[in-house]
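See below for the structure under consideration.
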Amino acid sequence: MTSRQPAEFRSVGDAEAQRANRGDWDREADEYQREHGGFLGDASFIWSPEGVDESDVRLLGDVKARRVLEIGCGASQCARWLSTQGADVVGVDLSYRQLQHSRRLDEETSLVVPAACATATALPFGEGSFDLACSAFGALSFLVDIGTSLREVARVLRPGGRFVFSVVHPMRQLFPDDPTEQGLRLSRSYFDSAAYVESDADGNPTYVEAHHTLGDWIDAITAAGLTVDSLLEPEWPAGHTRVWGAWGPERGALIPGTAIFSVTHRLAP
């Protein structure tokens with residue numbers, strides 16, 4: 001077993017965080033797909049552990065004949081569903097191993113999604129390349145530098161284009177990583193901007209989850225030239241008993257676990 005230092009909350013740079021998370025996702029991708037692949041589906045668009053399904057909520061609107069970018073696509077389940085709706089879709093993900101699972105599902109479903117190994121803070125596309133962009137618990141939850149990522153999204157979107165993304169709700173990060181009643185106790189301040197960091201024995205980060213308040217998100221969105229249309233904080237649905245990490249019915253009945261932002265690229269004056 002690899003020795004590790006105790007997890008802590010501390011400041012960490014974005015480049016350091018991305019290196020850590022690329023390694024973590026490459027290591028964990030196989031187990032992640034085994035554990036959650038059935039819930040996510042091979043060609044389904046699930047926004048969150050609460051089970052919010054794009055086929056029901058249609059946050060992206062009509063995607064037929066629209067050019068769509070999925071950021072943090074993982075195995076491209078969402079992008080694959082978008083392709084069944086007539087979208088011309090491309091995915092990007094930081095993890096090479098996740099993209100290998102994407103290729104596996106391409107072959108198993110015969111629904112092929114072009115995907116690139118790239119970071120959300122340097123998208124490998126030209127200005128105005130896409131009508132829509134989306135990210136379902138993809139890259140943005142793990143970024144320290146959300147401002148650069150949102151500016152990149154604004155750059156590759158056409159004026160008037162929409163971006164919808166789901167992230168860990170900042171309220172969830174105030175509590176221990178425990179979905180049971182025992183996890184219903186505050187363990188940190190909402191205003192503490194330090195990231196959650198796991199490190200190896202030498203102190204090198206191996207996993208980083210940044211913390212941004214709702215105000216931080218709004219500021220970064222507007223600074224990037226985007227306008228907030230809506231914020232969905234899904235309630236835990238009755239009868240949904242699945243536990244996913246710190247998400248589950250006990251805590252989900254009391255506090256939000258997910259924030260889904262819908263934003264639009266502002267039209268030039």
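As shown in the structure tokens, the chain order sets the letters A, B, ...; within each chain, residues go from 1, and ligands are also counted from 1 in the order they appear.
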Selection: 6 Å around range 130-140 of chain A, only C-alpha atoms, excl. self and same-chain fewer than 5 positions, as an MDAnalysis selection string: chainID A and resid 47 66:72 157:158 161:167
Apply DSSP to the backbone of this structure and, from range 94-184 of chain A, keep only the residues in strand (DSSP E or B); write these as a VMD selection string. chain A and resid 115 to 117 130 to 136 157 to 168
Could you save those same residues with C-alpha atoms as an mmCIF file, in the first residue's frame?
```
data_model
loop_
_atom_site.group_PDB
_atom_site.id
_atom_site.type_symbol
_atom_site.label_atom_id
_atom_site.label_comp_id
_atom_site.auth_asym_id
_atom_site.auth_seq_id
_atom_site.Cartn_x
_atom_site.Cartn_y
_atom_site.Cartn_z
ATOM 1 C CA ALA A 115 -12.493 13.191 -27.921
ATOM 2 C CA ALA A 116 -9.195 14.892 -27.072
ATOM 3 C CA CYS A 117 -6.962 14.674 -24.024
ATOM 4 C CA PHE A 130 -19.304 25.788 -30.648
ATOM 5 C CA ASP A 131 -22.983 26.641 -30.248
ATOM 6 C CA LEU A 132 -23.209 24.913 -26.862
ATOM 7 C CA ALA A 133 -20.905 23.579 -24.158
ATOM 8 C CA CYS A 134 -21.610 21.358 -21.178
ATOM 9 C CA SER A 135 -19.871 19.709 -18.250
ATOM 10 C CA ALA A 136 -21.563 17.197 -15.943
ATOM 11 C CA LEU A 157 -18.517 29.643 -27.731
ATOM 12 C CA ARG A 158 -20.244 31.629 -30.436
ATOM 13 C CA PRO A 159 -21.942 34.846 -29.239
ATOM 14 C CA GLY A 160 -25.263 33.895 -27.696
ATOM 15 C CA GLY A 161 -24.059 30.324 -27.093
ATOM 16 C CA ARG A 162 -25.019 28.499 -23.900
ATOM 17 C CA PHE A 163 -22.875 26.702 -21.340
ATOM 18 C CA VAL A 164 -24.464 24.415 -18.735
ATOM 19 C CA PHE A 165 -22.323 22.792 -16.064
ATOM 20 C CA SER A 166 -22.801 20.912 -12.807
ATOM 21 C CA VAL A 167 -20.356 21.057 -9.903
ATOM 22 C CA VAL A 168 -20.157 20.029 -6.272
#
```
Considering only alpha helix (DSSP H) as DSSP defines it on the backbone, what residues of range 41-235 of chain A qualify? List them as a PyMOL selection string. chain A and resi 54-57+77-84+96-109+146-156+214-223
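Relative to CA of Gly13 in chain A, CA of Ala120 in chain A is found at 15.1 Å.
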Can you check which parts of range 55-115 of chain A lie within 12 Å of range 38-46 of chain A? Per residue, the shortest pair of atoms and distance in Å to one decimal, counting only C-alpha atoms, sorted by chain and number, as JSON lines.
```
{"residue": "A:Ser55", "atom": "CA", "partner": "A:Phe45", "partner_atom": "CA", "distance": 7.1}
{"residue": "A:Asp56", "atom": "CA", "partner": "A:Phe45", "partner_atom": "CA", "distance": 9.8}
{"residue": "A:Val57", "atom": "CA", "partner": "A:Ile46", "partner_atom": "CA", "distance": 10.3}
{"residue": "A:Arg58", "atom": "CA", "partner": "A:Phe45", "partner_atom": "CA", "distance": 10.1}
{"residue": "A:Leu59", "atom": "CA", "partner": "A:Phe45", "partner_atom": "CA", "distance": 11.0}
{"residue": "A:Leu60", "atom": "CA", "partner": "A:Phe45", "partner_atom": "CA", "distance": 11.0}
{"residue": "A:Glu70", "atom": "CA", "partner": "A:Phe45", "partner_atom": "CA", "distance": 11.0}
{"residue": "A:Cys73", "atom": "CA", "partner": "A:Phe45", "partner_atom": "CA", "distance": 10.8}
{"residue": "A:Gly74", "atom": "CA", "partner": "A:Leu40", "partner_atom": "CA", "distance": 11.0}
{"residue": "A:Ala75", "atom": "CA", "partner": "A:Asp42", "partner_atom": "CA", "distance": 8.3}
{"residue": "A:Ser76", "atom": "CA", "partner": "A:Ala43", "partner_atom": "CA", "distance": 7.9}
{"residue": "A:Gln77", "atom": "CA", "partner": "A:Ala43", "partner_atom": "CA", "distance": 4.7}
{"residue": "A:Cys78", "atom": "CA", "partner": "A:Phe45", "partner_atom": "CA", "distance": 4.2}
{"residue": "A:Ala79", "atom": "CA", "partner": "A:Ala43", "partner_atom": "CA", "distance": 7.6}
{"residue": "A:Arg80", "atom": "CA", "partner": "A:Ala43", "partner_atom": "CA", "distance": 5.0}
{"residue": "A:Trp81", "atom": "CA", "partner": "A:Ala43", "partner_atom": "CA", "distance": 4.5}
{"residue": "A:Leu82", "atom": "CA", "partner": "A:Phe45", "partner_atom": "CA", "distance": 7.7}
{"residue": "A:Ser83", "atom": "CA", "partner": "A:Ala43", "partner_atom": "CA", "distance": 8.8}
{"residue": "A:Thr84", "atom": "CA", "partner": "A:Ala43", "partner_atom": "CA", "distance": 8.2}
{"residue": "A:Gln85", "atom": "CA", "partner": "A:Ala43", "partner_atom": "CA", "distance": 10.7}
{"residue": "A:His101", "atom": "CA", "partner": "A:Asp42", "partner_atom": "CA", "distance": 10.4}
{"residue": "A:Ser102", "atom": "CA", "partner": "A:Asp42", "partner_atom": "CA", "distance": 9.3}
{"residue": "A:Arg103", "atom": "CA", "partner": "A:Asp42", "partner_atom": "CA", "distance": 11.4}
{"residue": "A:Arg104", "atom": "CA", "partner": "A:Asp42", "partner_atom": "CA", "distance": 10.1}
{"residue": "A:Leu105", "atom": "CA", "partner": "A:Asp42", "partner_atom": "CA", "distance": 6.6}
{"residue": "A:Asp106", "atom": "CA", "partner": "A:Asp42", "partner_atom": "CA", "distance": 9.0}
{"residue": "A:Glu107", "atom": "CA", "partner": "A:Asp42", "partner_atom": "CA", "distance": 11.0}
{"residue": "A:Glu108", "atom": "CA", "partner": "A:Asp42", "partner_atom": "CA", "distance": 8.8}
{"residue": "A:Thr109", "atom": "CA", "partner": "A:Asp42", "partner_atom": "CA", "distance": 7.5}
{"residue": "A:Ser110", "atom": "CA", "partner": "A:Ala43", "partner_atom": "CA", "distance": 10.5}
{"residue": "A:Leu111", "atom": "CA", "partner": "A:Ala43", "partner_atom": "CA", "distance": 8.3}
{"residue": "A:Val112", "atom": "CA", "partner": "A:Ala43", "partner_atom": "CA", "distance": 10.6}
{"residue": "A:Val113", "atom": "CA", "partner": "A:Ala43", "partner_atom": "CA", "distance": 10.6}
```
All residues 7 Å or closer to Leu231 in chain A, only C-alpha atoms, same chain fewer than 4 positions away omitted, as a list in words: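 In the requested format, the answer is Ala259, Ile260, Phe261 and Ser262 of chain A.
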Restrict the selected residues to N, CA and C atoms and save them as a compact mmCIF listing (two decimals), in the first residue's frame.
```txt
# COMPACT_ATOMS: atom_id res chain seq x y z
N ALA A 259 -24.78 21.90 -7.73
CA ALA A 259 -25.20 23.17 -8.32
C ALA A 259 -25.06 23.05 -9.83
N ILE A 260 -26.15 23.34 -10.56
CA ILE A 260 -26.13 23.29 -12.02
C ILE A 260 -26.37 24.69 -12.56
N PHE A 261 -25.33 25.28 -13.14
CA PHE A 261 -25.39 26.64 -13.69
C PHE A 261 -25.73 26.58 -15.18
N SER A 262 -26.65 27.44 -15.60
CA SER A 262 -26.91 27.66 -17.02
C SER A 262 -26.52 29.10 -17.32
```
Contacts of range 170-174 of chain A at 12 Å (only C-alpha atoms; same-chain gap of 4+ positions) as a ChimeraX atom specification: /A:9,141,166,178-179,183-196,209-217,233,245-248,251-252,254-260
Just to be explicit: take each residue in the selection above, keep C-alpha atoms, and write the result as a PDB file, in the first residue's frame.
```pdb
ATOM      1  CA  PHE A   9      -7.206  21.813   3.547  1.00  0.00           C
ATOM      2  CA  SER A 141     -15.263  20.859  -9.770  1.00  0.00           C
ATOM      3  CA  SER A 166     -22.801  20.912 -12.807  1.00  0.00           C
ATOM      4  CA  ASP A 178     -19.922  10.872   4.933  1.00  0.00           C
ATOM      5  CA  PRO A 179     -23.425  10.454   3.425  1.00  0.00           C
ATOM      6  CA  GLY A 183     -21.906  13.440   8.353  1.00  0.00           C
ATOM      7  CA  LEU A 184     -24.427  16.150   9.244  1.00  0.00           C
ATOM      8  CA  ARG A 185     -22.044  18.311  11.219  1.00  0.00           C
ATOM      9  CA  LEU A 186     -20.140  21.333  10.023  1.00  0.00           C
ATOM     10  CA  SER A 187     -16.434  20.671   9.677  1.00  0.00           C
ATOM     11  CA  ARG A 188     -15.204  23.903   8.036  1.00  0.00           C
ATOM     12  CA  SER A 189     -16.202  27.462   7.205  1.00  0.00           C
ATOM     13  CA  TYR A 190     -18.070  28.246   4.012  1.00  0.00           C
ATOM     14  CA  PHE A 191     -15.672  31.144   3.517  1.00  0.00           C
ATOM     15  CA  ASP A 192     -12.512  29.026   3.818  1.00  0.00           C
ATOM     16  CA  SER A 193     -11.089  29.011   0.289  1.00  0.00           C
ATOM     17  CA  ALA A 194      -8.476  26.309   0.953  1.00  0.00           C
ATOM     18  CA  ALA A 195      -8.669  23.228  -1.271  1.00  0.00           C
ATOM     19  CA  TYR A 196      -9.069  19.676  -0.018  1.00  0.00           C
ATOM     20  CA  GLU A 209     -10.799  19.315  -4.863  1.00  0.00           C
ATOM     21  CA  ALA A 210     -11.092  23.098  -4.850  1.00  0.00           C
ATOM     22  CA  HIS A 211     -13.703  25.050  -2.894  1.00  0.00           C
ATOM     23  CA  HIS A 212     -15.491  28.023  -4.458  1.00  0.00           C
ATOM     24  CA  THR A 213     -18.478  29.827  -2.958  1.00  0.00           C
ATOM     25  CA  LEU A 214     -21.543  30.612  -5.042  1.00  0.00           C
ATOM     26  CA  GLY A 215     -20.304  34.198  -5.101  1.00  0.00           C
ATOM     27  CA  ASP A 216     -16.971  33.032  -6.497  1.00  0.00           C
ATOM     28  CA  TRP A 217     -18.763  31.230  -9.300  1.00  0.00           C
ATOM     29  CA  GLU A 233     -30.000  23.038  -6.841  1.00  0.00           C
ATOM     30  CA  GLY A 245     -19.584   8.987  -2.193  1.00  0.00           C
ATOM     31  CA  ALA A 246     -20.889  11.694   0.132  1.00  0.00           C
ATOM     32  CA  TRP A 247     -24.192  11.961  -1.766  1.00  0.00           C
ATOM     33  CA  GLY A 248     -27.135   9.963  -0.520  1.00  0.00           C
ATOM     34  CA  ARG A 251     -28.043  14.133   3.668  1.00  0.00           C
ATOM     35  CA  GLY A 252     -29.605  14.924   0.281  1.00  0.00           C
ATOM     36  CA  LEU A 254     -31.505  18.351   3.996  1.00  0.00           C
ATOM     37  CA  ILE A 255     -28.735  20.097   2.051  1.00  0.00           C
ATOM     38  CA  PRO A 256     -27.930  20.523  -1.660  1.00  0.00           C
ATOM     39  CA  GLY A 257     -25.137  18.419  -3.090  1.00  0.00           C
ATOM     40  CA  THR A 258     -25.087  19.773  -6.628  1.00  0.00           C
ATOM     41  CA  ALA A 259     -25.203  23.174  -8.325  1.00  0.00           C
ATOM     42  CA  ILE A 260     -26.129  23.286 -12.023  1.00  0.00           C
TER      43      ILE A 260
END
```
